[in-house]
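Structure file query36.csv (CSV, C-alpha atoms) is printed below.
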chain,number,residue,atom,x,y,z
A,1,MET,CA,26.5,8.8,39.0
A,2,ILE,CA,28.1,12.2,39.7
A,3,GLY,CA,31.5,12.2,38.1
A,4,ALA,CA,30.8,9.2,35.8
A,5,GLU,CA,32.3,9.4,32.3
A,6,ILE,CA,30.6,8.0,29.3
A,7,GLU,CA,31.9,7.4,25.8
A,8,VAL,CA,29.4,8.7,23.3
A,9,GLY,CA,29.4,8.0,19.5
A,10,ASP,CA,28.9,10.9,17.1
A,11,ALA,CA,28.8,10.4,13.3
A,12,SER,CA,30.3,13.8,12.6
A,13,ALA,CA,32.7,14.2,15.5
A,14,GLY,CA,34.0,10.7,15.6
A,15,GLY,CA,33.0,10.1,19.3
A,16,TYR,CA,33.8,11.9,22.5
A,17,VAL,CA,33.6,11.5,26.3
A,18,VAL,CA,31.0,13.2,28.4
A,19,ARG,CA,31.0,13.6,32.2
A,20,ILE,CA,28.0,13.9,34.6
A,21,ASN,CA,28.5,16.9,36.8
A,22,GLY,CA,25.1,17.2,38.5
A,23,ILE,CA,21.5,15.9,38.5
A,24,LEU,CA,18.2,17.8,38.8
A,25,HIS,CA,14.8,16.2,39.1
A,26,ASP,CA,12.4,18.1,36.9
A,27,THR,CA,9.2,19.2,38.7
A,28,THR,CA,7.8,21.3,35.9
A,29,THR,CA,6.7,18.5,33.5
A,30,PRO,CA,2.9,18.1,33.5
A,31,GLY,CA,1.2,14.8,34.0
A,32,SER,CA,3.0,11.7,35.3
A,33,ILE,CA,6.2,11.9,33.2
A,34,PRO,CA,9.1,12.1,35.6
A,35,LEU,CA,12.3,13.6,34.0
A,36,THR,CA,15.8,13.6,35.4
A,37,LEU,CA,18.0,16.3,34.0
A,38,TYR,CA,21.8,15.9,33.8
A,39,GLU,CA,24.4,18.7,33.9
A,40,MET,CA,27.1,17.3,31.6
A,41,SER,CA,30.4,18.4,30.0
A,42,PHE,CA,32.4,16.9,27.2
A,43,ARG,CA,36.2,16.7,26.9
A,44,ASN,CA,37.5,18.8,24.0
A,45,ARG,CA,39.8,16.5,22.1
A,46,GLN,CA,42.0,19.3,21.0
A,47,THR,CA,42.6,21.1,24.3
A,48,GLY,CA,41.8,18.2,26.7
A,49,LYS,CA,39.6,20.6,28.7
A,50,TRP,CA,36.0,19.9,29.9
A,51,GLU,CA,33.4,22.2,28.3
A,52,PRO,CA,29.6,22.4,28.8
A,53,LEU,CA,27.7,19.9,26.6
A,54,CYS,CA,24.6,22.0,26.4
A,55,ASN,CA,23.7,25.7,25.9
A,56,ILE,CA,21.6,27.4,28.5
A,57,GLY,CA,17.9,26.9,28.0
A,58,PRO,CA,14.9,29.2,28.7
A,59,ASP,CA,14.8,28.2,32.3
A,60,GLY,CA,18.4,29.2,32.9
A,61,HIS,CA,19.7,25.6,33.1
A,62,ALA,CA,22.1,23.9,30.7
A,63,MET,CA,21.0,20.3,31.2
A,64,ALA,CA,20.7,17.1,29.1
A,65,VAL,CA,18.2,14.3,29.0
A,66,PRO,CA,18.9,10.7,27.7
A,67,MET,CA,16.2,9.7,25.3
A,68,PRO,CA,15.8,6.2,23.8
A,69,GLY,CA,16.4,6.2,20.1
A,70,TYR,CA,17.6,8.8,17.7
A,71,TRP,CA,16.6,11.4,15.1
A,72,THR,CA,17.3,11.3,11.4
A,73,GLN,CA,18.6,14.2,9.4
A,74,ASP,CA,15.1,15.0,8.2
A,75,GLY,CA,13.9,15.2,11.8
A,76,VAL,CA,12.1,11.9,12.2
A,77,TYR,CA,12.3,10.2,15.6
A,78,ARG,CA,13.3,6.6,15.6
A,79,ALA,CA,12.6,4.7,18.8
A,80,LEU,CA,15.0,1.9,19.8
A,81,ASN,CA,14.6,-0.9,22.3
A,82,ASP,CA,18.2,-2.1,22.4
A,83,GLY,CA,19.3,0.2,25.2
A,84,LYS,CA,20.9,2.8,22.9
A,85,PHE,CA,20.0,6.5,23.6
A,86,SER,CA,20.6,10.0,22.4
A,87,LEU,CA,21.5,13.0,24.6
A,88,SER,CA,19.3,16.0,24.0
A,89,CYS,CA,19.7,19.4,25.7
A,90,THR,CA,17.0,21.4,27.5
A,91,SER,CA,17.7,24.2,25.1
A,92,GLY,CA,16.6,22.1,22.2
A,93,ALA,CA,13.2,21.2,20.7
A,94,HIS,CA,13.2,17.5,21.8
A,95,VAL,CA,13.5,18.2,25.5
A,96,LYS,CA,11.2,21.3,25.3
A,97,CYS,CA,8.5,19.0,23.9
A,98,LEU,CA,9.2,16.4,26.7
A,99,ARG,CA,8.8,19.1,29.3
A,100,LEU,CA,5.5,20.1,27.7
A,101,GLY,CA,4.2,16.6,28.4
A,102,TYR,CA,4.8,15.0,25.0
A,103,ALA,CA,7.1,12.0,25.7
A,104,PRO,CA,7.2,9.7,22.7
A,105,TRP,CA,7.1,6.6,25.0
A,106,ALA,CA,4.1,7.8,27.0
A,107,THR,CA,0.3,7.6,26.5
A,108,GLY,CA,-2.4,10.1,27.2
A,109,PRO,CA,-5.3,9.6,29.7
A,110,ASP,CA,-7.3,7.9,27.0
A,111,GLY,CA,-4.5,5.5,26.1
A,112,GLU,CA,-3.5,7.4,22.9
A,113,SER,CA,0.2,7.2,22.1
A,114,LEU,CA,2.0,10.5,22.4
A,115,THR,CA,4.7,9.6,19.8
A,116,ALA,CA,3.0,11.5,17.0
A,117,TYR,CA,2.4,14.5,19.3
A,118,HIS,CA,6.1,14.6,20.3
A,119,GLN,CA,7.0,14.5,16.6
A,120,ALA,CA,4.6,17.2,15.7
A,121,CYS,CA,5.8,19.3,18.6
A,122,THR,CA,9.5,19.1,17.6
A,123,ARG,CA,8.4,20.1,14.0
A,124,MET,CA,6.6,23.1,15.5
A,125,MET,CA,9.4,24.1,17.8
A,126,ARG,CA,11.9,24.2,15.0
A,127,ALA,CA,9.4,25.7,12.5
A,128,ASP,CA,10.1,22.7,10.3
A,129,TYR,CA,7.2,23.5,8.0
A,130,CYS,CA,8.2,21.2,5.2
A,131,GLY,CA,8.9,18.2,7.4
A,132,ASP,CA,12.3,17.7,5.9
A,133,GLY,CA,14.5,18.8,8.8
A,134,ARG,CA,15.0,22.4,7.7
A,135,ALA,CA,14.3,24.9,10.5
A,136,HIS,CA,12.7,28.3,9.7
A,137,THR,CA,13.2,30.1,13.0
A,138,LEU,CA,15.9,31.9,15.1
A,139,PRO,CA,16.9,31.6,18.8
A,140,GLY,CA,14.8,33.4,21.2
A,141,GLN,CA,11.5,33.3,19.3
A,142,MET,CA,8.5,32.8,21.6
A,143,VAL,CA,5.7,30.4,20.7
A,144,MET,CA,2.5,29.4,22.3
A,145,ILE,CA,1.3,25.8,21.7
A,146,TYR,CA,-2.2,24.2,22.0
A,147,ASP,CA,-3.4,20.7,20.9
A,148,ARG,CA,-6.5,18.9,19.9
A,149,ARG,CA,-6.5,17.0,23.2
A,150,GLY,CA,-7.0,20.2,25.2
A,151,ARG,CA,-3.7,19.9,27.2
A,152,TRP,CA,-2.7,23.4,26.3
A,153,PRO,CA,-5.8,25.7,25.6
A,154,ASP,CA,-5.5,28.5,23.2
A,155,GLN,CA,-4.5,31.6,25.3
A,156,MET,CA,-4.6,34.1,22.4
A,157,PHE,CA,-0.9,34.9,22.7
A,158,GLY,CA,0.6,36.5,19.6
A,159,ARG,CA,-0.8,35.7,16.2
A,160,PHE,CA,-1.8,32.3,14.7
A,161,GLU,CA,1.0,30.7,12.7
A,162,ALA,CA,0.3,27.1,11.7
A,163,LEU,CA,-1.3,23.7,12.4
A,164,TRP,CA,1.0,20.7,12.7
A,165,ASP,CA,1.1,16.9,12.4
A,166,GLU,CA,4.1,14.6,12.7
A,167,ASN,CA,5.2,15.3,9.2
A,168,GLY,CA,5.3,19.1,9.4
A,169,ALA,CA,2.8,22.0,8.9
A,170,VAL,CA,-0.7,20.9,7.9
A,171,CYS,CA,-1.3,24.6,6.9
A,172,LEU,CA,0.7,27.8,7.3
A,173,LYS,CA,-0.8,31.2,7.9
A,174,ARG,CA,2.3,33.2,8.5
A,175,SER,CA,6.1,32.8,8.8
A,176,ARG,CA,7.5,32.9,12.3
A,177,VAL,CA,10.5,35.1,11.2
A,178,PRO,CA,9.2,36.7,8.0
A,179,ASP,CA,12.3,38.9,7.5
A,180,HIS,CA,14.6,35.8,7.3
A,181,PHE,CA,12.1,33.3,6.0
A,182,PRO,CA,9.4,34.9,3.7
A,183,LEU,CA,6.1,33.1,3.5
A,184,ASP,CA,6.0,32.9,-0.2
A,185,GLN,CA,9.4,31.3,-0.4
A,186,ILE,CA,8.4,28.7,2.2
A,187,LEU,CA,5.2,27.8,0.4
A,188,LYS,CA,7.1,27.4,-2.9
A,189,SER,CA,9.7,25.0,-1.2
A,190,CYS,CA,7.1,22.8,0.6
A,191,PRO,CA,5.2,20.3,-1.6
A,192,ARG,CA,2.9,19.4,1.4
A,193,LEU,CA,1.7,23.1,1.5
A,194,ALA,CA,1.1,23.4,-2.2
A,195,LYS,CA,-2.7,23.0,-1.7
A,196,PRO,CA,-3.6,24.9,1.5
A,197,PRO,CA,-7.1,24.7,3.0
A,198,VAL,CA,-9.5,27.6,2.4
A,199,ASN,CA,-9.3,28.7,6.0
A,200,CYS,CA,-6.1,28.2,7.9
A,201,ASP,CA,-6.8,29.2,11.4
A,202,GLN,CA,-7.0,27.7,14.9
A,203,GLN,CA,-10.6,26.7,14.4
A,204,LEU,CA,-9.5,24.2,11.8
A,205,LEU,CA,-7.7,22.1,14.5
A,206,ARG,CA,-11.1,20.8,15.6
A,207,GLY,CA,-12.2,19.8,12.1
A,208,SER,CA,-8.9,18.5,10.7
A,209,SER,CA,-8.4,14.8,10.4
A,210,THR,CA,-4.6,15.0,10.7
A,211,ALA,CA,-3.6,18.1,12.7
A,212,LEU,CA,-2.5,17.5,16.2
A,213,LEU,CA,-1.1,20.8,17.4
A,214,GLY,CA,-1.5,24.5,16.6
A,215,ASN,CA,0.7,27.4,17.6
A,216,ARG,CA,0.9,31.2,17.8
A,217,SER,CA,4.1,33.2,17.7
I'd like the structure from this file rewritten - as structure tokens, please.
Amino acid sequence: MIGAEIEVGDASAGGYVVRINGILHDTTTPGSIPLTLYEMSFRNRQTGKWEPLCNIGPDGHAMAVPMPGYWTQDGVYRALNDGKFSLSCTSGAHVKCLRLGYAPWATGPDGESLTAYHQACTRMMRADYCGDGRAHTLPGQMVMIYDRRGRWPDQMFGRFEALWDENGAVCLKRSRVPDHFPLDQILKSCPRLAKPPVNCDQQLLRGSSTALLGNRS
């Protein structure tokens, strides 16, 4: 497939052409979820030149992954079974969550679907506290994730930030980037956080009926 060119539709850009320049088989994803990463470029319609499709991610690669389905503007993942797919970059939340082992089409050892975990993970990565697609973070922020299934144990990195389900933050202890996104303003703008639990900490993950993930930052 090296050198193959694909026409891709984009609602805002009116469509463009991407080219596969290289392929890398990912060996870092835990569990049994094989991922193939694609180095891709797109043809600039103004200059006619090929430019990188993706920015460089934390691992130093600028790769993309085709994922079945698409995301809505408010950050909801919609799976499709008609062969259509979206291209997501390794520098973005969707592939970061894939590489953590949360593939929306996969199941855990107990047969539980990982779709909700993938959705919760993307909310967490983007600090989408309100669950409406608005990010409250900046590039380069480090986070540590753990889940109720025990896949990623709490390693006491940083300070506790929030608990998450597929719809956003279940409870929020502190803002990831308080200088840019003050906690009081976030709480005022998020109806789902209007009535926080008495104790919002990592211990609540075990007792919550909805929280799937927790994080530190």
So, with all atoms listed in the file as the atoms that count, which of A:Asn215, A:Val95, A:Lys84, A:Val17 lies closest to A:Leu37? A:Val95
Can you pull out every residue within 6 Å of A:Leu213, counting only C-alpha atoms, but drop anything in the same chain fewer than 6 positions away, and send it as a compact mmCIF listing (two decimals) with C-alpha atoms, keeping the file's coordinate frame?
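Below you can see around14.txt, which holds the result:
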# COMPACT_ATOMS: atom_id res chain seq x y z
CA TYR A 146 -2.20 24.20 22.00
CA ASP A 147 -3.40 20.70 20.90
CA LEU A 163 -1.30 23.70 12.40
CA TRP A 164 1.00 20.70 12.70
For the atom pair atom CA of A:Ala135 and atom CA of A:Cys89, what is the interatomic distance in Å to one decimal place?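 These atoms are spaced 17.0 Å apart.
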Could you tell me how far atom CA of A:Ser209 lies from atom CA of A:Asp110, in Å and to one decimal? 18.0 Å
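Here atom CA of A:Leu24 is placed at a distance of 8.5 Å from atom CA of A:Met63.
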Which neighbours of A:Ile2 fall inside 8 Å, counting all atoms listed in the file, when residues of the same chain fewer than 3 positions from it are skipped, and could you give them as a PDB file with C-alpha atoms, in the coordinates of the input?
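Generated file (around.pdb):
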ATOM      1  CA  ILE A  20      28.000  13.900  34.600  1.00  0.00           C
ATOM      2  CA  ASN A  21      28.500  16.900  36.800  1.00  0.00           C
ATOM      3  CA  GLY A  22      25.100  17.200  38.500  1.00  0.00           C
ATOM      4  CA  ILE A  23      21.500  15.900  38.500  1.00  0.00           C
TER       5      ILE A  23
END
The residues within 12 Å of (-4.1, 11.5, 8.1), using all atoms listed in the file and the coordinates of the file, should be reported as a ChimeraX atom specification; which are they? /A:116,164-167,170,208-212
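Counting all atoms listed in the file and comparing A:Pro109, A:Gly140, A:Gly60, A:Pro34, the residue that lies closest to A:Arg176 is A:Gly140.
The smallest atom-to-atom distance between A:Ser189 and any of A:Cys130, A:Met67, A:Leu35, A:Ala169, using only C-alpha atoms, is found for A:Cys130.
The nearest approach to A:Glu51 among the residues A:Ile145, A:Cys190, A:Asp128, A:Arg19, with all atoms listed in the file taken into account, belongs to A:Arg19.
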Between A:Arg206, A:Arg126, A:Arg216, A:Arg192, which residue has the minimum interatomic distance to A:Arg159, considering only C-alpha atoms?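 For A:Arg159, the nearest of the candidates is A:Arg216.
Minimum atom-to-atom distance to A:Pro139, evaluated using only C-alpha atoms, belongs to A:Asn55 out of A:Asn199, A:Asn55, A:Phe42, A:Gln185.
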Within 12 Å of (7.9, 32.5, 6.5) (file coordinates; only C-alpha atoms), which protein or nucleic acid residues are there? I'd like them as number ranges by chain. A: 127-130, 135-138, 161-162, 169, 172-190, 217
Neighbour list for A:Asp59 as number ranges by chain, cut-off 12 Å, only C-alpha atoms, skip fewer than 6 positions in-chain: A: 26, 28, 90-92, 96, 99
